[in-house]
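Everything below belongs to start33.csv, which stores CSV, C-alpha atoms and all ligand atoms.
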```csv
chain,number,residue,atom,x,y,z
G,174,MET,CA,0.0,0.0,0.0
G,175,PRO,CA,1.1,3.6,-0.7
G,176,PRO,CA,1.9,6.1,2.0
G,177,ARG,CA,-1.0,7.7,3.8
G,178,HIS,CA,-2.6,10.7,2.2
G,179,LEU,CA,-5.1,13.4,3.2
G,180,ALA,CA,-7.7,11.8,1.1
G,181,ASP,CA,-7.5,8.5,3.1
G,182,LEU,CA,-8.8,10.3,6.1
G,183,ASP,CA,-12.0,12.0,7.1
G,184,LEU,CA,-11.8,15.6,8.5
G,185,ALA,CA,-11.5,14.5,12.2
G,186,ALA,CA,-8.7,12.1,11.4
G,187,ARG,CA,-6.9,14.9,9.4
G,188,ARG,CA,-7.2,17.2,12.4
G,189,ALA,CA,-5.6,14.4,14.6
G,190,ALA,CA,-2.9,13.9,12.1
G,191,VAL,CA,-2.1,17.6,11.9
G,192,ALA,CA,-2.1,17.9,15.7
G,193,ALA,CA,0.3,14.9,15.9
G,194,LEU,CA,2.7,16.8,13.8
G,195,GLY,CA,2.6,19.7,16.3
G,196,GLU,CA,0.7,21.9,13.9
G,197,LYS,CA,-2.5,23.9,14.6
G,198,GLU,CA,-5.6,21.9,13.9
G,199,PHE,CA,-7.1,24.5,11.5
G,200,ARG,CA,-4.4,23.6,9.1
G,201,ALA,CA,-6.4,20.4,8.4
G,202,ALA,CA,-9.3,22.4,7.0
G,203,GLN,CA,-6.8,24.6,5.1
G,204,LEU,CA,-5.1,21.7,3.4
G,205,SER,CA,-8.5,20.1,2.7
G,206,THR,CA,-9.8,23.3,1.1
G,207,HIS,CA,-6.8,23.4,-1.2
G,208,TYR,CA,-7.1,19.8,-2.2
G,209,PHE,CA,-10.9,19.2,-2.4
G,210,ALA,CA,-12.3,22.7,-3.0
G,211,ARG,CA,-9.6,24.3,-5.1
G,212,LEU,CA,-8.4,21.0,-6.6
G,213,GLU,CA,-4.8,22.0,-5.8
G,214,ARG,CA,-2.6,19.0,-5.4
G,215,ASP,CA,0.8,20.8,-5.4
G,216,PRO,CA,1.9,21.9,-1.9
G,217,ALA,CA,4.2,24.6,-3.4
G,218,ARG,CA,1.1,26.5,-4.5
G,219,MET,CA,-0.5,26.4,-1.0
G,220,THR,CA,1.2,29.7,-0.2
G,221,ASP,CA,-1.1,30.8,2.6
G,222,ILE,CA,0.6,28.1,4.8
G,223,PRO,CA,4.0,29.2,6.1
G,224,LEU,CA,6.8,27.3,4.4
G,225,THR,CA,8.1,25.2,7.3
G,226,ALA,CA,4.6,24.1,8.3
G,227,ARG,CA,3.7,23.5,4.7
G,228,ASP,CA,6.7,21.2,4.2
G,229,ARG,CA,6.0,19.2,7.4
G,230,LEU,CA,2.3,18.9,6.5
G,231,ALA,CA,2.9,18.0,2.9
G,232,GLY,CA,5.5,15.5,3.8
G,233,ASP,CA,3.0,13.7,6.0
G,234,LEU,CA,-0.3,14.2,4.3
G,235,LEU,CA,0.3,15.0,0.6
G,236,PRO,CA,2.7,12.4,-0.7
G,237,PRO,CA,2.6,12.2,-4.5
G,238,LEU,CA,0.6,9.1,-5.3
G,239,LEU,CA,0.0,9.3,-9.0
G,240,THR,CA,2.9,10.2,-11.4
G,241,PRO,CA,1.5,11.0,-14.8
G,242,VAL,CA,3.3,8.9,-17.4
G,243,ARG,CA,1.2,9.9,-20.5
G,244,GLU,CA,-1.9,11.7,-21.4
G,245,LEU,CA,-3.7,10.9,-24.7
G,246,GLN,CA,-6.7,12.7,-26.1
G,247,CYS,CA,-9.1,12.4,-28.9
G,248,ASP,CA,-12.5,13.9,-30.0
G,249,ASP,CA,-10.8,17.3,-30.0
G,250,GLY,CA,-9.9,17.0,-26.3
G,251,ALA,CA,-13.4,15.9,-25.2
G,252,THR,CA,-11.9,12.5,-24.3
G,253,ARG,CA,-8.6,12.1,-22.5
G,254,LYS,CA,-6.9,9.1,-21.1
G,255,ALA,CA,-4.3,9.4,-18.3
G,256,LEU,CA,-1.8,6.7,-17.5
G,257,TRP,CA,-0.3,6.9,-14.0
G,258,ARG,CA,2.6,5.2,-12.3
G,259,LEU,CA,1.9,4.5,-8.6
G,260,HIS,CA,4.6,4.6,-5.9
G,261,ASP,CA,5.4,0.9,-6.3
G,262,GLY,CA,5.6,1.1,-10.1
G,263,SER,CA,2.1,-0.3,-10.8
G,264,LEU,CA,0.4,1.4,-13.7
G,265,VAL,CA,-3.3,2.4,-13.9
G,266,GLU,CA,-5.4,4.5,-16.2
G,267,SER,CA,-8.4,6.9,-15.9
G,268,VAL,CA,-10.5,8.4,-18.7
G,269,LEU,CA,-12.1,11.9,-18.7
G,270,MET,CA,-15.1,12.3,-21.0
G,271,GLY,CA,-16.8,15.6,-21.8
G,272,TYR,CA,-20.3,16.0,-23.0
G,273,PRO,CA,-22.3,19.2,-23.6
G,274,ASP,CA,-24.1,18.9,-20.3
G,275,ARG,CA,-21.6,17.0,-18.0
G,276,VAL,CA,-18.1,15.8,-17.5
G,277,THR,CA,-17.6,12.2,-16.4
G,278,VAL,CA,-14.4,10.5,-15.2
G,279,CYS,CA,-14.0,6.8,-15.4
G,280,ILE,CA,-11.6,5.6,-12.7
G,281,SER,CA,-9.7,2.5,-11.7
G,282,SER,CA,-10.2,0.8,-8.3
G,283,GLN,CA,-7.4,-1.8,-8.7
G,284,ALA,CA,-4.1,-2.1,-10.6
G,285,GLY,CA,-5.1,-4.9,-13.0
G,286,CYS,CA,-8.1,-7.1,-12.3
G,287,GLY,CA,-8.6,-10.7,-11.1
G,288,MET,CA,-11.9,-11.4,-12.7
G,289,ALA,CA,-10.4,-12.8,-16.0
G,290,CYS,CA,-13.3,-11.9,-18.4
G,291,PRO,CA,-11.8,-13.1,-21.7
G,292,PHE,CA,-13.0,-10.1,-23.8
G,293,CYS,CA,-11.5,-7.5,-21.5
G,294,ALA,CA,-7.9,-6.3,-21.8
G,295,THR,CA,-7.6,-5.5,-18.1
G,296,GLY,CA,-8.7,-9.0,-17.2
G,297,GLN,CA,-6.0,-10.6,-19.4
G,298,ALA,CA,-3.2,-9.2,-17.2
G,299,GLY,CA,-4.4,-10.4,-13.8
G,300,LEU,CA,-4.5,-8.5,-10.6
G,301,THR,CA,-1.6,-6.5,-9.2
G,302,ARG,CA,-3.1,-5.0,-6.2
G,303,ASN,CA,-6.0,-3.0,-4.7
G,304,LEU,CA,-5.7,0.8,-4.8
G,305,SER,CA,-5.9,2.8,-1.6
G,306,VAL,CA,-8.7,5.2,-1.0
G,307,ALA,CA,-6.5,8.2,-1.8
G,308,GLU,CA,-5.2,6.6,-5.0
G,309,ILE,CA,-8.8,6.3,-6.1
G,310,VAL,CA,-9.8,9.8,-5.0
G,311,ASP,CA,-6.6,11.4,-6.4
G,312,GLN,CA,-7.5,10.3,-10.0
G,313,VAL,CA,-10.8,12.2,-9.7
G,314,VAL,CA,-9.2,15.3,-8.1
G,315,TYR,CA,-6.5,15.5,-10.7
G,316,LEU,CA,-9.0,15.2,-13.6
G,317,ALA,CA,-11.5,17.5,-12.0
G,318,GLY,CA,-8.6,20.0,-12.0
G,319,VAL,CA,-8.1,19.5,-15.7
G,320,ALA,CA,-11.8,20.1,-16.3
G,321,ALA,CA,-11.8,23.2,-14.0
G,322,SER,CA,-9.0,24.8,-16.0
G,323,GLY,CA,-11.1,24.5,-19.2
G,324,GLY,CA,-9.4,21.3,-20.3
G,325,VAL,CA,-12.5,19.8,-21.8
G,326,PRO,CA,-13.8,22.2,-24.5
G,327,GLY,CA,-17.5,22.3,-25.1
G,328,SER,CA,-18.3,20.9,-21.7
G,329,PRO,CA,-19.0,22.4,-18.2
G,330,ASN,CA,-15.9,23.1,-16.2
G,331,ARG,CA,-17.2,21.3,-13.2
G,332,LEU,CA,-16.6,17.5,-13.2
G,333,SER,CA,-20.0,16.0,-12.1
G,334,HIS,CA,-20.0,12.3,-12.7
G,335,VAL,CA,-17.7,9.4,-11.6
G,336,VAL,CA,-18.0,5.9,-12.9
G,337,PHE,CA,-16.0,3.0,-11.3
G,338,MET,CA,-15.6,1.4,-14.8
G,339,GLY,CA,-11.9,1.7,-15.2
G,340,MET,CA,-9.4,-1.0,-14.3
G,341,GLY,CA,-10.4,-3.4,-11.6
G,342,GLU,CA,-13.4,-4.9,-9.9
G,343,PRO,CA,-14.6,-2.2,-7.4
G,344,LEU,CA,-16.5,-4.7,-5.2
G,345,ALA,CA,-13.3,-6.8,-4.8
G,346,ASN,CA,-11.8,-3.7,-3.2
G,347,TYR,CA,-14.9,-3.1,-1.2
G,348,PRO,CA,-14.0,-1.1,2.0
G,349,ARG,CA,-11.7,1.3,0.0
G,350,VAL,CA,-14.2,1.9,-2.7
G,351,ILE,CA,-16.9,2.7,-0.2
G,352,GLU,CA,-14.6,5.0,1.6
G,353,ALA,CA,-13.6,6.7,-1.7
G,354,VAL,CA,-17.3,7.1,-2.5
G,355,ARG,CA,-17.8,8.8,0.9
G,356,ARG,CA,-14.8,11.1,0.2
G,357,LEU,CA,-16.1,12.0,-3.3
G,358,THR,CA,-19.5,12.8,-2.0
G,359,SER,CA,-18.9,14.6,1.4
G,360,PRO,CA,-19.3,18.3,1.1
G,361,ALA,CA,-16.1,20.3,0.7
G,362,PRO,CA,-13.7,20.7,2.4
G,363,GLU,CA,-14.1,17.2,3.8
G,364,GLY,CA,-14.6,15.8,0.3
G,365,LEU,CA,-15.4,16.7,-3.3
G,366,GLY,CA,-19.1,17.3,-2.8
G,367,LEU,CA,-20.3,15.3,-5.8
G,368,SER,CA,-23.8,13.9,-5.8
G,369,GLN,CA,-24.2,10.2,-4.8
G,370,ARG,CA,-26.6,9.9,-7.7
G,371,HIS,CA,-23.8,10.9,-10.1
G,372,ILE,CA,-21.6,8.0,-9.0
G,373,THR,CA,-21.8,4.6,-10.7
G,374,VAL,CA,-20.2,1.4,-9.3
G,375,SER,CA,-19.9,-1.3,-11.8
G,376,THR,CA,-19.5,-5.0,-10.9
G,377,VAL,CA,-19.1,-8.4,-12.5
G,378,GLY,CA,-21.6,-9.6,-9.9
G,379,LEU,CA,-20.0,-10.3,-6.5
G,380,VAL,CA,-23.3,-11.2,-4.8
G,381,PRO,CA,-22.3,-10.8,-1.1
G,382,ALA,CA,-20.7,-7.4,-1.8
G,383,MET,CA,-23.7,-6.3,-3.8
G,384,ARG,CA,-26.0,-7.2,-0.9
G,385,LYS,CA,-23.7,-5.3,1.5
G,386,LEU,CA,-23.7,-2.3,-0.8
G,387,ALA,CA,-27.5,-2.2,-0.6
G,388,GLU,CA,-27.1,-1.7,3.2
G,389,GLU,CA,-24.7,1.3,3.0
G,390,ASP,CA,-27.4,3.9,2.6
G,391,LEU,CA,-25.7,5.3,-0.5
G,392,SER,CA,-27.7,6.4,-3.5
G,393,VAL,CA,-25.1,5.4,-6.0
G,394,THR,CA,-26.0,3.7,-9.3
G,395,LEU,CA,-25.2,0.1,-9.5
G,396,ALA,CA,-24.2,-1.3,-12.9
G,397,LEU,CA,-24.1,-5.0,-13.4
G,398,SER,CA,-21.9,-6.5,-16.2
G,399,LEU,CA,-24.2,-9.3,-17.3
G,400,HIS,CA,-23.2,-10.0,-20.9
G,401,ALA,CA,-25.3,-13.1,-21.1
G,402,PRO,CA,-28.8,-14.1,-19.9
G,403,ASP,CA,-27.9,-17.8,-19.6
G,404,ASP,CA,-25.5,-19.5,-17.2
G,405,GLU,CA,-23.8,-21.6,-19.9
G,406,LEU,CA,-22.5,-18.6,-21.8
G,407,ARG,CA,-22.0,-16.3,-18.8
G,408,ASP,CA,-19.8,-19.0,-17.1
G,409,GLU,CA,-17.4,-18.4,-20.0
G,410,LEU,CA,-17.8,-14.6,-20.5
G,411,VAL,CA,-17.8,-13.6,-16.9
G,412,PRO,CA,-16.0,-16.5,-15.1
G,413,VAL,CA,-17.2,-15.4,-11.6
G,414,ASN,CA,-20.6,-16.7,-12.8
G,415,GLN,CA,-19.3,-20.1,-12.0
G,416,ARG,CA,-19.7,-19.0,-8.4
G,417,TRP,CA,-22.8,-16.8,-8.5
G,418,LYS,CA,-25.3,-17.6,-11.2
G,419,VAL,CA,-27.4,-15.3,-13.3
G,420,ALA,CA,-30.5,-15.8,-11.1
G,421,GLU,CA,-28.6,-15.0,-7.9
G,422,VAL,CA,-26.8,-12.0,-9.4
G,423,LEU,CA,-30.1,-10.6,-10.7
G,424,ASP,CA,-31.8,-11.2,-7.3
G,425,ALA,CA,-29.0,-9.2,-5.7
G,426,ALA,CA,-29.5,-6.4,-8.3
G,427,TRP,CA,-33.3,-6.3,-7.6
G,428,ALA,CA,-32.6,-6.2,-3.8
G,429,TYR,CA,-30.3,-3.2,-4.5
G,430,ALA,CA,-33.0,-1.5,-6.6
G,431,ALA,CA,-35.7,-2.2,-3.9
G,432,ARG,CA,-33.6,-0.9,-1.1
G,433,THR,CA,-32.3,2.3,-2.8
G,434,GLY,CA,-35.0,3.0,-5.3
G,435,ARG,CA,-32.3,3.3,-7.9
G,436,ARG,CA,-32.6,1.8,-11.4
G,437,VAL,CA,-29.9,-0.8,-12.0
G,438,SER,CA,-27.9,-0.5,-15.2
G,439,ILE,CA,-27.4,-3.9,-17.0
G,440,GLU,CA,-24.2,-3.8,-19.1
G,441,TYR,CA,-24.1,-6.1,-22.1
G,442,ALA,CA,-21.2,-6.1,-24.5
G,443,MET,CA,-22.5,-7.0,-28.0
G,444,ILE,CA,-20.2,-9.8,-29.3
G,445,ARG,CA,-20.8,-11.1,-32.8
G,446,ASP,CA,-22.3,-14.6,-32.9
G,447,VAL,CA,-21.5,-15.1,-29.2
G,448,ASN,CA,-24.2,-13.4,-27.2
G,449,ASP,CA,-26.2,-11.4,-29.7
G,450,HIS,CA,-28.8,-13.9,-30.8
G,451,PRO,CA,-32.4,-12.9,-31.0
G,452,TRP,CA,-33.4,-15.7,-28.5
G,453,ARG,CA,-30.9,-14.2,-26.0
G,454,ALA,CA,-32.5,-10.8,-26.4
G,455,ASP,CA,-35.9,-12.4,-25.7
G,456,LEU,CA,-34.5,-14.3,-22.7
G,457,LEU,CA,-32.9,-11.1,-21.4
G,458,GLY,CA,-36.1,-9.2,-21.9
G,459,LYS,CA,-38.0,-11.8,-19.9
G,460,LEU,CA,-35.5,-11.7,-17.0
G,461,LEU,CA,-35.7,-7.9,-16.9
G,462,ALA,CA,-39.3,-7.0,-17.8
G,463,GLY,CA,-41.1,-5.1,-15.0
G,464,ARG,CA,-37.8,-4.6,-13.0
G,465,LEU,CA,-36.2,-1.3,-12.1
G,466,ALA,CA,-33.5,-1.8,-14.8
G,467,HIS,CA,-32.1,-0.3,-17.9
G,468,VAL,CA,-29.9,-2.1,-20.4
G,469,ASN,CA,-26.8,-0.5,-21.7
G,470,LEU,CA,-25.5,-2.3,-24.8
G,471,ILE,CA,-21.8,-1.8,-25.4
G,472,PRO,CA,-20.5,-2.5,-28.9
G,473,LEU,CA,-17.5,-4.8,-28.2
G,474,ASN,CA,-14.3,-2.8,-28.3
G,475,PRO,CA,-11.3,-4.4,-29.9
G,476,THR,CA,-8.6,-5.8,-27.5
G,477,PRO,CA,-5.2,-7.3,-28.3
G,478,GLY,CA,-5.4,-11.0,-29.3
G,479,SER,CA,-9.1,-11.2,-28.9
G,480,LYS,CA,-10.9,-13.6,-31.3
G,481,TRP,CA,-14.2,-11.7,-31.0
G,482,ASP,CA,-15.7,-8.8,-32.9
G,483,ALA,CA,-18.5,-6.4,-32.3
G,484,SER,CA,-22.0,-7.4,-33.5
G,485,PRO,CA,-23.0,-6.0,-36.9
G,486,LYS,CA,-25.3,-2.9,-36.5
G,487,PRO,CA,-28.4,-4.7,-37.9
G,488,VAL,CA,-28.0,-7.4,-35.3
G,489,GLU,CA,-27.5,-4.8,-32.6
G,490,ARG,CA,-30.7,-3.0,-33.8
G,491,GLU,CA,-32.7,-6.2,-33.6
G,492,PHE,CA,-31.4,-6.9,-30.1
G,493,VAL,CA,-32.5,-3.4,-29.0
G,494,ARG,CA,-35.9,-3.8,-30.7
G,495,ARG,CA,-36.6,-7.0,-28.9
G,496,LEU,CA,-35.6,-5.7,-25.5
G,497,ARG,CA,-37.7,-2.6,-26.0
G,498,ALA,CA,-40.6,-4.7,-27.2
G,499,ALA,CA,-40.3,-6.6,-23.9
G,500,GLY,CA,-40.7,-3.2,-22.1
G,501,VAL,CA,-37.0,-2.9,-21.1
G,502,PRO,CA,-35.5,0.6,-21.5
G,503,THR,CA,-32.4,0.1,-23.7
G,504,THR,CA,-29.6,2.3,-24.9
G,505,VAL,CA,-26.4,1.7,-26.8
G,506,ARG,CA,-23.2,3.2,-25.3
G,507,ASP,CA,-21.0,5.3,-27.5
G,508,THR,CA,-17.5,3.9,-28.2
G,509,ARG,CA,-15.8,6.9,-26.6
G,510,GLY,CA,-12.0,6.7,-26.5
G,511,ARG,CA,-11.6,3.7,-28.8
G,512,GLU,CA,-8.8,5.5,-30.8
G,513,ILE,CA,-6.7,5.9,-27.7
G,514,ASP,CA,-7.5,2.5,-26.2
G,515,GLY,CA,-9.6,4.3,-23.6
G,516,ALA,CA,-13.0,2.6,-24.2
G,517,CYS,CA,-14.6,-0.1,-22.1
G,518,GLY,CA,-12.4,-3.1,-21.7
G,519,GLN,CA,-9.4,-1.5,-23.4
G,520,LEU,CA,-7.5,-0.3,-20.3
G,521,ALA,CA,-4.3,-2.3,-20.1
G,522,ALA,CA,-2.0,0.4,-18.7
G,523,SER,CA,1.0,-0.6,-20.7
G,524,GLU,CA,3.8,1.9,-21.4
G,525,GLU,CA,4.3,0.5,-24.9
G,526,SER,CA,0.8,0.5,-26.4
G,527,ALA,CA,-1.1,3.6,-27.7
A,1,LIG,N1,-15.0,-4.9,-13.2
A,1,LIG,C1,-16.1,-4.1,-13.3
A,1,LIG,C2,-15.8,-2.7,-13.7
A,1,LIG,C3,-15.3,-2.5,-15.1
A,1,LIG,S1,-16.5,-1.7,-16.0
A,1,LIG,C4,-17.2,-4.7,-14.2
A,1,LIG,O1,-16.8,-5.6,-14.9
A,1,LIG,O2,-18.3,-4.2,-14.2
A,1,LIG,C5,-16.0,-2.0,-17.6
A,1,LIG,C6,-17.2,-2.5,-18.5
A,1,LIG,O3,-16.7,-2.7,-19.8
A,1,LIG,C7,-17.7,-3.8,-18.0
A,1,LIG,O4,-19.1,-3.9,-18.2
A,1,LIG,C8,-17.0,-4.8,-18.9
A,1,LIG,O5,-17.6,-6.0,-18.9
A,1,LIG,C9,-17.0,-4.1,-20.2
A,1,LIG,N2,-16.0,-4.5,-21.1
A,1,LIG,C10,-14.9,-5.2,-20.9
A,1,LIG,N3,-14.3,-5.4,-22.0
A,1,LIG,C11,-15.0,-4.9,-23.0
A,1,LIG,C12,-14.8,-4.8,-24.4
A,1,LIG,N4,-13.8,-5.3,-25.1
A,1,LIG,N5,-15.8,-4.2,-25.2
A,1,LIG,C13,-16.8,-3.6,-24.5
A,1,LIG,N6,-17.0,-3.7,-23.2
A,1,LIG,C14,-16.1,-4.3,-22.5
```
As structure tokens, what does this structure read like?
Amino acid sequence: MPPRHLADLDLAARRAAVAALGEKEFRAAQLSTHYFARLERDPARMTDIPLTARDRLAGDLLPPLLTPVRELQCDDGATRKALWRLHDGSLVESVLMGYPDRVTVCISSQAGCGMACPFCATGQAGLTRNLSVAEIVDQVVYLAGVAASGGVPGSPNRLSHVVFMGMGEPLANYPRVIEAVRRLTSPAPEGLGLSQRHITVSTVGLVPAMRKLAEEDLSVTLALSLHAPDDELRDELVPVNQRWKVAEVLDAAWAYAARTGRRVSIEYAMIRDVNDHPWRADLLGKLLAGRLAHVNLIPLNPTPGSKWDASPKPVEREFVRRLRAAGVPTTVRDTRGREIDGACGQLAASEESA
């Protein structure tokens, strides 16, 4: 794990940490305002704190966690991918996406991923380690700073949405992800002051963790990476299905919806001749009809060495038509960031590739 950072702590713990350094407790709020309200991560620019105090405080509470290795952009700057090196050399990526009405950041919760979904580049490399709370939060603070300085043309300057859809399985790093959500949503200067409703946690379907999440009293959106409506195929596409079956994982999703009143987002990558058959659309429609759910189809993004392709558009349209006919709200996700290997399933965090 990396050194402790301000963003690992709530305000009370920050005050205690500041006091333990022999500094005045109000410095905790001052540092917090710089970091969370002004999105200032560089201690050298926190000039309202006297230099000796600043050095001592920064040394203890603002260790550099993310070193930028490379930033790529496409869509005239509306999509940007950042590659970071962590203190131990691990690499992770985050993606910033600007839209006319909002700015969304897609963040990583782990270096690598242990879930081994065969169509996902992150899953091919295996898990390196969990990220700390501050390593998760710092991705957001950095990219919120990029947005604030006008870095996403044609979009608002204020970052408003966070999706845990980068590298890793968020629910496999449960306590840190929950704590990061709390930090992102506490009002400034304790946190970033984002709306819980604007945060999406995506999971392969770790059932016990999904059930626990429902009890947290958070109004975050839950996204479930389903990808197949039948166990035979899902066992292959999402190997954790061998442990928790489609019926169980959907039950946990409905429990989440019932408890929070939030519509669950069902993610379904459209893979040619693998999961895109009309009968699978009908079966999916039957499983979801009448539920608090929405389907987000993701045209399969290319990954190195993959034998699979995206479904042809007419097949995709028929899939959408059948789901809608079953009364299931369905949308098709854009393929944002494909050119920079920044789209769903393409985050491999290698220094060589794109
Ligand atoms: N581990 C979590 C968070 C990652 S979210 C989860 O699986 O939900 C990334 C989303 O992109 C998931 O729905 C994942 O299944 C999907 N995905 C992975 N590889 C993809 C690819 N090649 N094309 C399209 N979507 C992909």
Determine, counting all atoms listed in the file, which protein, DNA and RNA residues have an atom within 6 Å of an atom of range 227-240 of chain G; residues of the same chain fewer than 2 positions away are not included. Present the result as number ranges by chain. G: 178-179, 222-225, 257-259
Selected residues written out, C-alpha atoms, as an mmCIF file, in the frame of the given file:
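Okay, this is what ended up in part_25.cif:
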```
data_model
loop_
_atom_site.group_PDB
_atom_site.id
_atom_site.type_symbol
_atom_site.label_atom_id
_atom_site.label_comp_id
_atom_site.auth_asym_id
_atom_site.auth_seq_id
_atom_site.Cartn_x
_atom_site.Cartn_y
_atom_site.Cartn_z
ATOM 1 C CA HIS G 178 -2.600 10.700 2.200
ATOM 2 C CA LEU G 179 -5.100 13.400 3.200
ATOM 3 C CA ILE G 222 0.600 28.100 4.800
ATOM 4 C CA PRO G 223 4.000 29.200 6.100
ATOM 5 C CA LEU G 224 6.800 27.300 4.400
ATOM 6 C CA THR G 225 8.100 25.200 7.300
ATOM 7 C CA TRP G 257 -0.300 6.900 -14.000
ATOM 8 C CA ARG G 258 2.600 5.200 -12.300
ATOM 9 C CA LEU G 259 1.900 4.500 -8.600
#
```
Pairwise distance for CA of Glu512 in chain G and CA of Leu470 in chain G, rounded to one decimal in Å: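 Going from CA of Glu512 in chain G over to CA of Leu470 in chain G, I get 19.4 Å.
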Would you name the residues within 8 Å of ligand LIG 1 (chain A), counting only C-alpha atoms and all ligand atoms, and put them as an NGL selection string? :G and (286 or 288 or 290 or 292-295 or 337-343 or 374-378 or 396-400 or 411 or 440-443 or 471-476 or 483 or 516-519)
Please report the interatomic distance between CA of Cys279 in chain G and CA of Phe492 in chain G in Å with one decimal.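 These atoms are spaced 26.6 Å apart.
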Residue nearest Glu308 in chain G - candidates G:Ala428, G:Ala498, G:Ser263, G:Leu204, atoms counted: all atoms listed in the file: G:Ser263
Contact residues around Glu524 in chain G with only C-alpha atoms at 10 Å, ignoring same-chain residues under 3 positions, as a PyMOL selection string: chain G and resi 242-243+256-258+264+521+527
Tell me which of G:Leu269, G:Met219, G:Ala201, G:Ala210 sits closest to Ser359 in chain G, counting all atoms listed in the file.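 Looking only at the distances to Ser359 in chain G, the closest residue turns out to be G:Ala210.
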Between CA of Ser328 in chain G and CA of Pro362 in chain G, distance in Å (one decimal): 24.5 Å
When distances are computed from all atoms listed in the file, which of G:Arg511, G:Arg495, G:His371, G:Arg188 shows the smallest separation from Pro451 in chain G? G:Arg495
Please provide as an MDAnalysis selection string all residues within 6 Å of Leu357 in chain G, with the sequence filter that same-chain residues fewer than 4 positions apart are discarded (counting only C-alpha atoms). chainID G and resid 364:365 367
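By only C-alpha atoms, and with residues fewer than 6 positions from Ala454 in chain G along its chain excluded, the set lying at most 12 Å from it is G:His400, G:Ala401, G:Pro402, G:Asp403, G:Tyr441, G:Met443, G:Asn448, G:Leu460, G:Leu461, G:Ala462, G:Val468, G:Leu470, G:Val488, G:Glu489, G:Arg490, G:Glu491, G:Phe492, G:Val493, G:Arg494, G:Arg495, G:Leu496, G:Arg497, G:Ala498, G:Ala499, G:Gly500, G:Val501, G:Thr503.
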For each of G:Ser281, G:Gly250, G:Val447, G:Thr433, take the minimum atom-to-atom distance to Ser484 in chain G, counting only C-alpha atoms, then give the residue where this is smallest. G:Val447
Counting all atoms listed in the file, figure out which residue out of G:Ala420, G:Leu456, G:Ala202, G:Leu395 gets nearest to Arg436 in chain G.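 Ranking G:Ala420, G:Leu456, G:Ala202, G:Leu395 by distance to Arg436 in chain G, first place goes to G:Leu395.
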Could you check which of G:Leu212, G:Ile280, G:Ala226, G:Ala217 is closest to Arg331 in chain G, using all atoms listed in the file?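 Under the stated criterion, the closest residue is G:Leu212.
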Could you name the residues that touch Ala320 in chain G at 9 Å or less, counting only C-alpha atoms, but leaving out those on the same chain fewer than 3 positions away, as a PyMOL selection string? chain G and resi 269+271+276+315-317+323-326+328-332
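The set of protein, DNA and RNA residues with any counted atom at most 8 Å from (-4.5, -13.9, -15.0) (all atoms listed in the file) reads G:Gly287, G:Ala289, G:Gly296, G:Gln297, G:Ala298, G:Gly299, G:Leu300.
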